[in-house]
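This is final_32.cif. It holds mmCIF, C-alpha atoms.
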data_my_file
#
loop_
_atom_site.label_atom_id
_atom_site.label_comp_id
_atom_site.auth_asym_id
_atom_site.auth_seq_id
_atom_site.Cartn_x
_atom_site.Cartn_y
_atom_site.Cartn_z
CA MET F 1 -37.74 -25.68 -16.95
CA LYS F 2 -36.60 -25.85 -13.35
CA ARG F 3 -32.95 -25.96 -14.45
CA PHE F 4 -33.51 -23.01 -16.75
CA LEU F 5 -34.98 -20.95 -13.92
CA ILE F 6 -32.08 -21.85 -11.61
CA ALA F 7 -29.59 -20.85 -14.33
CA CYS F 8 -31.41 -17.52 -14.80
CA PHE F 9 -31.38 -16.93 -11.05
CA LEU F 10 -27.65 -17.65 -10.84
CA LEU F 11 -26.96 -15.36 -13.78
CA VAL F 12 -28.88 -12.50 -12.19
CA LEU F 13 -27.10 -13.16 -8.89
CA ALA F 14 -23.68 -13.14 -10.57
CA ALA F 15 -24.51 -9.94 -12.42
CA ASN F 16 -25.37 -8.29 -9.10
CA VAL F 17 -22.30 -9.55 -7.27
CA TYR F 18 -19.67 -9.28 -9.99
CA ALA F 19 -19.16 -6.02 -11.81
CA THR F 20 -16.74 -5.64 -14.69
CA PRO F 21 -13.84 -3.18 -14.28
CA GLU F 22 -15.59 -0.80 -16.67
CA GLN F 23 -18.83 -0.97 -14.66
CA ASP F 24 -16.78 -0.23 -11.54
CA ARG F 25 -15.12 2.77 -13.18
CA LEU F 26 -18.40 4.25 -14.40
CA ALA F 27 -20.05 3.67 -11.01
CA LEU F 28 -17.13 5.42 -9.33
CA ARG F 29 -17.47 8.46 -11.58
CA GLU F 30 -21.19 8.51 -10.81
CA PHE F 31 -20.40 8.32 -7.08
CA PHE F 32 -18.20 11.42 -7.31
CA ALA F 33 -20.59 13.21 -9.68
CA GLN F 34 -23.29 12.88 -7.01
CA ARG F 35 -20.91 13.72 -4.19
CA PHE F 36 -19.59 16.86 -5.90
CA PRO F 37 -22.31 17.97 -8.34
CA ASP F 38 -20.61 21.30 -9.10
CA LEU F 39 -17.15 19.88 -9.71
CA ASP F 40 -15.69 19.05 -13.11
CA LEU F 41 -14.54 15.49 -12.35
CA ASN F 42 -11.53 15.89 -14.62
CA GLU F 43 -10.21 18.42 -12.08
CA MET F 44 -9.73 15.54 -9.65
CA ILE F 45 -6.36 14.74 -11.28
CA ASN F 46 -5.15 17.65 -9.15
CA GLY F 47 -6.00 15.87 -5.91
CA LEU F 48 -6.89 18.07 -2.98
CA TYR F 49 -6.45 21.19 -5.13
CA ALA F 50 -9.69 20.28 -6.89
CA PHE F 51 -11.53 21.01 -3.62
CA ASP F 52 -9.55 23.73 -1.88
CA GLU F 53 -9.39 27.09 -3.66
CA GLY F 54 -6.89 28.66 -1.25
CA ALA F 55 -4.50 25.73 -1.39
CA ARG F 56 -4.95 25.60 -5.15
CA GLU F 57 -3.80 29.19 -5.55
CA GLN F 58 -0.66 28.51 -3.51
CA TRP F 59 -0.01 25.35 -5.51
CA LEU F 60 -0.43 27.13 -8.84
CA GLU F 61 2.08 29.75 -7.75
CA MET F 62 4.48 26.98 -6.80
CA GLU F 63 4.03 25.47 -10.26
CA ASP F 64 5.86 28.49 -11.75
CA PHE F 65 9.06 26.96 -10.38
CA PRO F 66 7.99 23.42 -9.60
CA PRO F 67 10.11 21.48 -7.10
CA TYR F 68 10.04 18.36 -9.29
CA GLU F 69 11.80 20.09 -12.19
CA ILE F 70 15.25 18.97 -11.05
CA ALA F 71 14.04 15.36 -10.94
CA ILE F 72 12.80 15.58 -14.54
CA GLU F 73 16.21 16.86 -15.70
CA GLU F 74 18.04 14.23 -13.67
CA GLY F 75 15.71 11.54 -14.99
CA GLU F 76 16.21 12.61 -18.59
CA GLY F 77 19.98 12.41 -18.14
CA LEU F 78 19.76 8.95 -16.59
CA PHE F 79 17.28 7.77 -19.21
CA ASN F 80 19.60 8.74 -22.01
CA THR F 81 22.77 7.31 -20.46
CA PRO F 82 23.58 3.98 -22.14
CA PHE F 83 24.13 0.86 -20.05
CA ALA F 84 27.54 -0.83 -19.99
CA ASN F 85 26.42 -3.11 -22.83
CA GLY F 86 25.64 -0.11 -25.05
CA LYS F 87 21.86 -0.51 -24.87
CA SER F 88 19.56 1.96 -23.13
CA TYR F 89 16.15 2.31 -21.49
CA ALA F 90 14.69 3.30 -24.85
CA ASP F 91 15.42 -0.22 -26.14
CA CYS F 92 13.21 -1.77 -23.45
CA PHE F 93 10.01 0.18 -24.09
CA GLU F 94 7.57 0.73 -26.90
CA ASN F 95 8.02 4.10 -28.63
CA GLY F 96 11.47 4.37 -27.08
CA GLY F 97 9.84 4.92 -23.67
CA ILE F 98 8.42 8.31 -24.66
CA GLY F 99 4.77 9.12 -23.84
CA ILE F 100 3.84 5.67 -22.56
CA LYS F 101 3.17 6.06 -18.84
CA GLN F 102 -0.58 6.08 -19.41
CA ASN F 103 -0.37 2.38 -20.33
CA TYR F 104 1.05 1.38 -16.93
CA PRO F 105 0.59 -0.77 -14.95
CA ARG F 106 0.11 -3.39 -17.62
CA PHE F 107 -0.58 -7.11 -17.43
CA ASP F 108 2.20 -9.31 -18.78
CA THR F 109 0.58 -12.32 -20.42
CA GLU F 110 3.81 -14.32 -20.33
CA SER F 111 4.56 -14.10 -16.61
CA GLY F 112 1.02 -13.36 -15.44
CA GLU F 113 2.43 -10.44 -13.43
CA ILE F 114 1.35 -6.83 -13.13
CA ILE F 115 4.15 -4.60 -14.41
CA THR F 116 4.27 -1.06 -13.06
CA LEU F 117 6.44 1.50 -14.81
CA GLU F 118 9.03 1.43 -12.01
CA TYR F 119 9.05 -2.38 -12.12
CA ALA F 120 9.65 -2.22 -15.89
CA ILE F 121 12.49 0.30 -15.47
CA ASN F 122 14.32 -1.97 -13.06
CA GLN F 123 13.52 -5.01 -15.19
CA CYS F 124 15.13 -3.17 -18.10
CA ARG F 125 18.24 -2.59 -15.99
CA THR F 126 18.60 -6.18 -14.80
CA ASP F 127 17.90 -7.54 -18.31
CA ASN F 128 20.87 -5.46 -19.44
CA GLY F 129 23.21 -6.54 -16.67
CA GLU F 130 22.76 -3.48 -14.45
CA GLU F 131 21.95 -3.43 -10.74
CA PRO F 132 18.34 -2.54 -9.89
CA LEU F 133 17.75 0.89 -8.36
CA PRO F 134 16.08 1.50 -4.97
CA TRP F 135 12.32 1.55 -5.55
CA LEU F 136 10.85 4.49 -3.71
CA THR F 137 12.89 7.65 -4.25
CA GLY F 138 16.12 8.77 -5.93
CA PRO F 139 17.23 7.88 -9.49
CA LEU F 140 14.39 5.42 -10.18
CA ALA F 141 11.77 8.00 -9.19
CA ALA F 142 13.62 10.57 -11.33
CA ILE F 143 13.56 8.33 -14.43
CA SER F 144 9.88 7.66 -13.77
CA ALA F 145 9.32 11.44 -13.43
CA TYR F 146 10.93 12.06 -16.81
CA MET F 147 8.84 9.34 -18.45
CA ALA F 148 5.72 10.74 -16.79
CA TYR F 149 6.62 14.19 -18.08
CA THR F 150 6.81 12.90 -21.66
CA SER F 151 3.32 11.42 -21.17
CA ARG F 152 1.63 14.60 -20.01
CA GLY F 153 -1.63 15.27 -21.77
CA ASN F 154 -2.18 11.64 -22.77
CA LEU F 155 -5.19 9.87 -21.31
CA MET F 156 -4.80 7.06 -18.80
CA SER F 157 -5.35 3.83 -20.75
CA VAL F 158 -4.75 0.86 -18.49
CA VAL F 159 -5.94 -2.38 -20.09
CA ILE F 160 -7.37 -5.39 -18.30
CA PRO F 161 -7.24 -8.11 -20.91
CA ASP F 162 -9.68 -10.98 -21.08
CA ASP F 163 -7.41 -13.20 -19.02
CA PRO F 164 -8.58 -14.63 -15.69
CA ARG F 165 -5.18 -13.80 -14.11
CA ALA F 166 -5.50 -10.14 -15.06
CA VAL F 167 -9.07 -9.95 -13.78
CA ALA F 168 -8.01 -11.68 -10.55
CA ALA F 169 -5.19 -9.14 -10.08
CA TYR F 170 -7.64 -6.28 -10.62
CA GLU F 171 -10.10 -7.82 -8.16
CA SER F 172 -7.36 -8.27 -5.53
CA GLY F 173 -6.39 -4.62 -5.87
CA LYS F 174 -10.03 -3.63 -5.57
CA GLU F 175 -10.52 -5.74 -2.44
CA TYR F 176 -7.42 -4.18 -0.90
CA TYR F 177 -8.72 -0.67 -1.59
CA TYR F 178 -12.07 -1.29 0.08
CA THR F 179 -10.83 -3.38 3.02
CA ARG F 180 -10.33 -1.78 6.41
CA ARG F 181 -6.94 -2.55 7.94
CA GLY F 182 -4.42 -1.59 10.57
CA GLN F 183 -4.93 -0.76 14.22
CA LEU F 184 -7.05 2.24 13.22
CA GLU F 185 -9.17 0.10 10.86
CA PHE F 186 -9.23 2.42 7.88
CA ALA F 187 -9.69 1.41 4.26
CA CYS F 188 -8.29 3.56 1.44
CA GLU F 189 -11.95 4.16 0.64
CA ASN F 190 -12.69 5.71 4.04
CA CYS F 191 -10.37 8.63 3.34
CA HIS F 192 -10.48 8.96 -0.43
CA MET F 193 -14.17 8.33 -1.11
CA GLN F 194 -16.25 8.82 2.04
CA SER F 195 -14.11 11.71 3.30
CA ALA F 196 -12.72 13.06 0.01
CA GLY F 197 -12.60 16.85 0.14
CA ASN F 198 -12.88 16.91 3.94
CA LEU F 199 -10.22 18.17 6.30
CA LEU F 200 -8.19 15.69 8.31
CA ARG F 201 -6.61 18.05 10.82
CA ALA F 202 -4.95 20.61 8.52
CA ASP F 203 -4.89 18.40 5.41
CA ARG F 204 -7.66 18.14 2.87
CA LEU F 205 -8.15 14.63 1.54
CA SER F 206 -7.91 13.94 -2.18
CA GLY F 207 -10.48 11.82 -4.02
CA MET F 208 -9.88 8.43 -5.56
CA LEU F 209 -10.59 9.55 -9.13
CA GLY F 210 -7.42 10.79 -10.79
CA GLN F 211 -5.30 9.54 -7.92
CA ALA F 212 -2.98 7.62 -10.25
CA THR F 213 -2.47 10.19 -13.01
CA HIS F 214 0.18 12.43 -11.50
CA TRP F 215 2.93 10.20 -10.09
CA PRO F 216 5.73 10.37 -9.14
CA VAL F 217 5.16 13.30 -6.81
CA TYR F 218 7.38 15.78 -5.02
CA ARG F 219 5.89 15.94 -1.55
CA SER F 220 7.01 18.82 0.63
CA LYS F 221 6.72 16.44 3.56
CA TRP F 222 9.26 14.10 1.95
CA GLY F 223 11.47 16.88 0.60
CA GLU F 224 12.05 14.82 -2.54
CA ILE F 225 10.28 13.09 -5.36
CA GLY F 226 8.82 9.65 -4.63
CA THR F 227 6.74 6.96 -6.27
CA LEU F 228 3.12 5.99 -5.72
CA GLU F 229 4.26 2.95 -3.75
CA ASN F 230 6.03 5.26 -1.33
CA ARG F 231 2.65 6.84 -0.71
CA PHE F 232 0.95 3.45 -0.30
CA MET F 233 3.47 2.61 2.41
CA GLU F 234 2.94 5.94 4.12
CA CYS F 235 -0.84 5.48 4.06
CA ASN F 236 -0.45 2.01 5.57
CA LEU F 237 1.69 3.38 8.38
CA GLN F 238 -0.77 6.21 9.02
CA VAL F 239 -3.47 3.65 9.84
CA ARG F 240 -0.91 1.47 11.66
CA ALA F 241 -0.96 -1.35 9.15
CA LYS F 242 2.31 -3.04 8.29
CA PRO F 243 3.41 -1.85 4.85
CA TYR F 244 4.37 -4.38 2.21
CA GLU F 245 7.66 -4.54 0.38
CA ALA F 246 7.97 -2.07 -2.46
CA GLN F 247 6.71 -3.57 -5.73
CA SER F 248 5.20 -6.49 -3.83
CA ARG F 249 2.36 -8.20 -5.64
CA VAL F 250 -0.15 -6.61 -3.22
CA TYR F 251 0.94 -3.06 -4.14
CA ARG F 252 1.27 -3.74 -7.86
CA GLU F 253 -2.28 -5.11 -7.91
CA LEU F 254 -3.51 -2.13 -5.92
CA GLU F 255 -1.88 0.22 -8.42
CA TYR F 256 -3.44 -1.74 -11.29
CA PHE F 257 -6.93 -1.26 -9.85
CA LEU F 258 -6.37 2.35 -8.85
CA SER F 259 -4.96 3.27 -12.26
CA TYR F 260 -7.82 1.63 -14.12
CA MET F 261 -10.24 3.77 -12.09
CA SER F 262 -8.51 6.84 -13.59
CA ASN F 263 -8.83 5.61 -17.16
CA GLY F 264 -9.75 8.37 -19.58
CA MET F 265 -8.28 11.08 -17.34
CA GLU F 266 -5.36 13.27 -18.35
CA MET F 267 -1.85 12.31 -17.30
CA ASN F 268 -0.30 15.19 -15.37
CA GLY F 269 2.78 13.82 -13.69
CA PRO F 270 5.08 14.53 -12.12
CA ALA F 271 3.32 16.76 -9.63
CA SER F 272 3.89 18.52 -6.34
CA ARG F 273 1.87 18.06 -3.19
CA ARG F 274 2.11 19.27 0.37
CA MET Z 1 24.64 -18.28 66.52
CA LYS Z 2 25.16 -21.87 65.36
CA HIS Z 3 21.48 -22.50 65.81
CA LYS Z 4 20.59 -19.39 63.84
CA LEU Z 5 22.87 -20.39 60.96
CA SER Z 6 21.41 -23.85 60.80
CA VAL Z 7 18.01 -22.26 60.21
CA LEU Z 8 19.10 -19.39 58.02
CA VAL Z 9 21.24 -21.27 55.50
CA PRO Z 10 18.63 -23.85 54.52
CA ALA Z 11 16.01 -21.12 54.41
CA LEU Z 12 18.20 -19.04 52.15
CA LEU Z 13 18.92 -22.02 49.93
CA ALA Z 14 15.24 -22.87 49.75
CA GLY Z 15 14.47 -19.27 48.85
CA LEU Z 16 17.07 -19.28 46.10
CA MET Z 17 15.74 -22.54 44.70
CA LEU Z 18 12.20 -21.20 44.74
CA HIS Z 19 13.33 -18.06 42.95
CA ALA Z 20 15.20 -20.09 40.33
CA SER Z 21 12.19 -22.31 39.71
CA ALA Z 22 9.98 -19.21 39.38
CA MET Z 23 12.46 -17.76 36.85
CA ALA Z 24 12.47 -21.03 34.90
CA ALA Z 25 8.68 -21.08 34.81
CA ASP Z 26 8.61 -17.50 33.56
CA ALA Z 27 11.11 -18.24 30.82
CA ALA Z 28 9.06 -21.24 29.74
CA GLU Z 29 5.88 -19.21 29.90
CA TYR Z 30 7.49 -16.53 27.77
CA LYS Z 31 8.56 -19.07 25.17
CA GLU Z 32 5.06 -20.47 25.02
CA THR Z 33 3.44 -17.03 24.85
CA LEU Z 34 5.89 -15.92 22.18
CA ALA Z 35 5.15 -19.00 20.06
CA ARG Z 36 1.40 -18.34 20.32
CA ALA Z 37 1.87 -14.67 19.42
CA GLN Z 38 4.06 -15.52 16.43
CA GLU Z 39 1.52 -18.01 15.15
CA THR Z 40 -1.32 -15.48 15.41
CA LEU Z 41 0.73 -12.81 13.66
CA ARG Z 42 1.59 -15.21 10.84
CA ASP Z 43 -2.12 -15.86 10.44
CA ALA Z 44 -2.81 -12.10 10.32
CA GLU Z 45 -0.04 -11.60 7.75
CA SER Z 46 -1.39 -14.38 5.55
CA LYS Z 47 -4.69 -12.49 5.57
CA VAL Z 48 -2.95 -9.23 4.47
CA GLN Z 49 -3.84 -7.63 7.79
CA LEU Z 50 -0.73 -7.35 9.98
CA TRP Z 51 -0.57 -4.22 12.13
CA SER Z 52 2.58 -2.10 12.12
CA THR Z 53 2.68 -2.19 15.91
CA SER Z 54 2.72 -5.94 16.54
CA GLU Z 55 6.26 -6.87 15.55
CA ILE Z 56 7.64 -3.94 17.56
CA LEU Z 57 5.98 -5.43 20.63
CA LEU Z 58 7.67 -8.76 19.95
CA LEU Z 59 11.05 -7.06 19.64
CA ASP Z 60 10.43 -5.28 22.95
CA ALA Z 61 9.39 -8.61 24.49
CA GLU Z 62 12.60 -10.19 23.25
CA ALA Z 63 14.66 -7.39 24.80
CA ALA Z 64 12.79 -7.73 28.10
CA ALA Z 65 13.38 -11.49 28.13
CA ALA Z 66 17.06 -10.98 27.37
CA SER Z 67 17.34 -8.69 30.38
CA GLY Z 68 15.60 -11.28 32.56
CA ASP Z 69 12.32 -9.39 32.94
CA PHE Z 70 10.05 -12.26 31.96
CA GLU Z 71 6.98 -10.71 33.49
CA LEU Z 72 7.24 -7.80 31.08
CA ALA Z 73 8.26 -10.08 28.21
CA VAL Z 74 5.15 -12.23 28.70
CA ALA Z 75 2.92 -9.16 28.95
CA LEU Z 76 4.32 -7.72 25.70
CA ALA Z 77 4.07 -11.01 23.83
CA ASN Z 78 0.48 -11.34 25.02
CA GLU Z 79 -0.28 -7.86 23.74
CA ALA Z 80 1.25 -8.75 20.37
CA ARG Z 81 -0.93 -11.86 20.25
CA LEU Z 82 -3.99 -9.73 21.01
CA HIS Z 83 -3.04 -7.42 18.12
CA GLY Z 84 -2.84 -10.47 15.88
CA GLU Z 85 -6.22 -11.76 17.02
CA LEU Z 86 -7.87 -8.39 16.43
CA ALA Z 87 -6.28 -8.12 12.99
CA VAL Z 88 -7.55 -11.60 12.09
CA ALA Z 89 -11.02 -10.63 13.33
CA THR Z 90 -10.91 -7.55 11.07
CA ALA Z 91 -9.80 -9.71 8.15
CA GLU Z 92 -12.66 -12.16 8.67
CA ARG Z 93 -15.26 -9.43 9.03
CA GLU Z 94 -13.97 -7.43 6.07
CA LYS Z 95 -13.93 -10.48 3.82
CA LYS Z 96 -17.72 -10.53 4.18
CA THR Z 97 -18.37 -6.79 4.07
CA TRP Z 98 -15.90 -4.95 1.81
CA GLN Z 99 -18.05 -5.40 -1.30
CA LYS Z 100 -20.80 -3.31 0.28
CA HIS Z 101 -18.65 -0.18 -0.05
CA VAL Z 102 -18.03 -0.51 -3.78
CA PRO Z 103 -20.28 1.92 -5.71
CA LYS Z 104 -22.78 0.03 -7.85
#
Could you show the structure in this file as structure tokens?
Amino acid sequence: MKRFLIACFLLVLAANVYATPEQDRLALREFFAQRFPDLDLNEMINGLYAFDEGAREQWLEMEDFPPYEIAIEEGEGLFNTPFANGKSYADCFENGGIGIKQNYPRFDTESGEIITLEYAINQCRTDNGEEPLPWLTGPLAAISAYMAYTSRGNLMSVVIPDDPRAVAAYESGKEYYYTRRGQLEFACENCHMQSAGNLLRADRLSGMLGQATHWPVYRSKWGEIGTLENRFMECNLQVRAKPYEAQSRVYRELEYFLSYMSNGMEMNGPASRR
Amino acid sequence: MKHKLSVLVPALLAGLMLHASAMAADAAEYKETLARAQETLRDAESKVQLWSTSEILLLDAEAAAASGDFELAVALANEARLHGELAVATAEREKKTWQKHVPK
């Protein structure tokens, strides 16, 4: 009887400490529903423009001739250019690489690694004897932009399989998101949950929900299109934390967690931001 | 004049030797401080908590040492070590508290 009671106690304790990814996602939506009771949460895929009517109007006007359009065209051209061995990107992806971005990052059961879309693009290149492309901007971001464009309207569907390595990767990404770091001691959560919708000097902060649906992004500040990892690095530097290498395990796990939190939300990449 | 020289030369030599020994001590102190700073920063990095400012301080310290300014080099290496210690303290605190911020 004593053992049974101890087992029950431990079970209850574990249930309180450990939440499944789906419980996390639902709790996050509830957090934002309470924080912004009048907001349609699905609007949060538009980042700060979900909160700021004036900025939203300017952004919508910009969308008539979006600055990322050139990247989509460039990406389409690159995507359809065969490699030296005659194969192409389409051969590396399910459905010929069209309309699949919502499934990334994905967990690769063979290697135990988290595979982001950009990681998969470069993996496709090296598997076919081509040099990998630089990670953060340029041709790789353009190919990613084209693939994102073909996925518009689909719903984010990141899967965390019943594999302890996948769950551990998700948990690492989650810990990273909620951990304060850098000389300024800020966690991602401090800006994008606690302060979401608030002004930080002249910039309004986006919320965590929908934060992974619209990449890559043309940021006016960058003057070009860049990947989500480029933004991770920028965020790290803003709080004076040393950024990690692009496509490092730390960032891929962070993207895995962040993307899962946007599950069920509409894909709307590429996008433009200030 | 002869008398003056017999006092001045040894005094000058003694002064030079003292200066050289002070320089040597500073260089050794810098090496030791640098090693301690590097160890602390490695610890911070292993805890996913390295600051972006710390390694720049070490580079500045290296440059100061190369120019012979060991006082500055030691001060900069010490500051880098302090950054590392604070980052490790953040890591240890956050390990215990980050879960509290996750919506339940």
For CA of Cys92 in chain F and CA of Thr137 in chain F, determine how far apart the two atoms are, in Å to one decimal place. 21.4 Å
Could you list, as a list of chain:residue names, the residues of chain Z having an atom within 7 Å of chain F when counting all atoms listed in the file? Z:Gln49, Z:Leu50, Z:Trp51, Z:Ser52, Z:Thr53, Z:Glu94, Z:Trp98, Z:His101, Z:Pro103, Z:Lys104
Selection result of the PyMOL selection byres ((chain Z and resi 40) around 9) on this file, as a CSV table (one decimal) with C-alpha atoms, in the frame of the given file:
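Once written, out08.csv looks like this:
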chain,number,residue,atom,x,y,z
Z,35,ALA,CA,5.2,-19.0,20.1
Z,36,ARG,CA,1.4,-18.3,20.3
Z,37,ALA,CA,1.9,-14.7,19.4
Z,38,GLN,CA,4.1,-15.5,16.4
Z,39,GLU,CA,1.5,-18.0,15.2
Z,41,LEU,CA,0.7,-12.8,13.7
Z,42,ARG,CA,1.6,-15.2,10.8
Z,43,ASP,CA,-2.1,-15.9,10.4
Z,44,ALA,CA,-2.8,-12.1,10.3
Z,45,GLU,CA,0.0,-11.6,7.8
Z,80,ALA,CA,1.2,-8.8,20.4
Z,81,ARG,CA,-0.9,-11.9,20.2
Z,82,LEU,CA,-4.0,-9.7,21.0
Z,83,HIS,CA,-3.0,-7.4,18.1
Z,84,GLY,CA,-2.8,-10.5,15.9
Z,85,GLU,CA,-6.2,-11.8,17.0
Z,88,VAL,CA,-7.6,-11.6,12.1
With the PyMOL selection byres ((chain F and resi 257) around 6) as the selection, what would be picked from this file? Answer as a ChimeraX atom specification, please. /F:170,173-174,254-256,258-260
To one decimal place, how far is CA of Asp64 in chain F from CA of Asn42 in chain F in Å?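 CA of Asn42 in chain F lies 21.7 Å from CA of Asp64 in chain F.
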Just how far from CA of Glu94 in chain F is CA of Thr126 in chain F, in Å to one decimal? 17.8 Å
If you apply the PyMOL selection byres ((chain F and resi 145) around 8) to this file, what residues do you get, as a count of residues only? 15
Residue with smallest distance to Gln211 in chain F - pool F:Pro132, F:Gly47, F:Gly223, F:Gly96, counting all atoms listed in the file: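 The shortest atom-to-atom distance to Gln211 in chain F comes from F:Gly47.
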Nearest to Pro66 in chain F by atom-to-atom distance, counting all atoms listed in the file, from F:Ile225, F:Glu234, F:Arg35, F:Leu41: F:Ile225
Selection: 12 Å around Leu200 in chain F, only C-alpha atoms, excl. self and same-chain fewer than 5 positions, as a list of chain:residue names: F:Leu48, F:Asn190, F:Cys191, F:His192, F:Ser195, F:Leu205, F:Ser206
Need to verify the contact set: Ser88 in chain F, 10 Å, all atoms listed in the file, exclusion of same-chain residues closer than 3 positions in sequence. Can you return it as a ChimeraX atom specification? /F:78-85,91-93,96,124-125,128
Emit the selected residues as a PDB file, in the coordinates of the input, including C-alpha atoms.
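Resulting contents of again.pdb:
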ATOM      1  CA  LEU F  78      19.760   8.950 -16.590  1.00  0.00           C
ATOM      2  CA  PHE F  79      17.280   7.770 -19.210  1.00  0.00           C
ATOM      3  CA  ASN F  80      19.600   8.740 -22.010  1.00  0.00           C
ATOM      4  CA  THR F  81      22.770   7.310 -20.460  1.00  0.00           C
ATOM      5  CA  PRO F  82      23.580   3.980 -22.140  1.00  0.00           C
ATOM      6  CA  PHE F  83      24.130   0.860 -20.050  1.00  0.00           C
ATOM      7  CA  ALA F  84      27.540  -0.830 -19.990  1.00  0.00           C
ATOM      8  CA  ASN F  85      26.420  -3.110 -22.830  1.00  0.00           C
ATOM      9  CA  ASP F  91      15.420  -0.220 -26.140  1.00  0.00           C
ATOM     10  CA  CYS F  92      13.210  -1.770 -23.450  1.00  0.00           C
ATOM     11  CA  PHE F  93      10.010   0.180 -24.090  1.00  0.00           C
ATOM     12  CA  GLY F  96      11.470   4.370 -27.080  1.00  0.00           C
ATOM     13  CA  CYS F 124      15.130  -3.170 -18.100  1.00  0.00           C
ATOM     14  CA  ARG F 125      18.240  -2.590 -15.990  1.00  0.00           C
ATOM     15  CA  ASN F 128      20.870  -5.460 -19.440  1.00  0.00           C
TER      16      ASN F 128
END
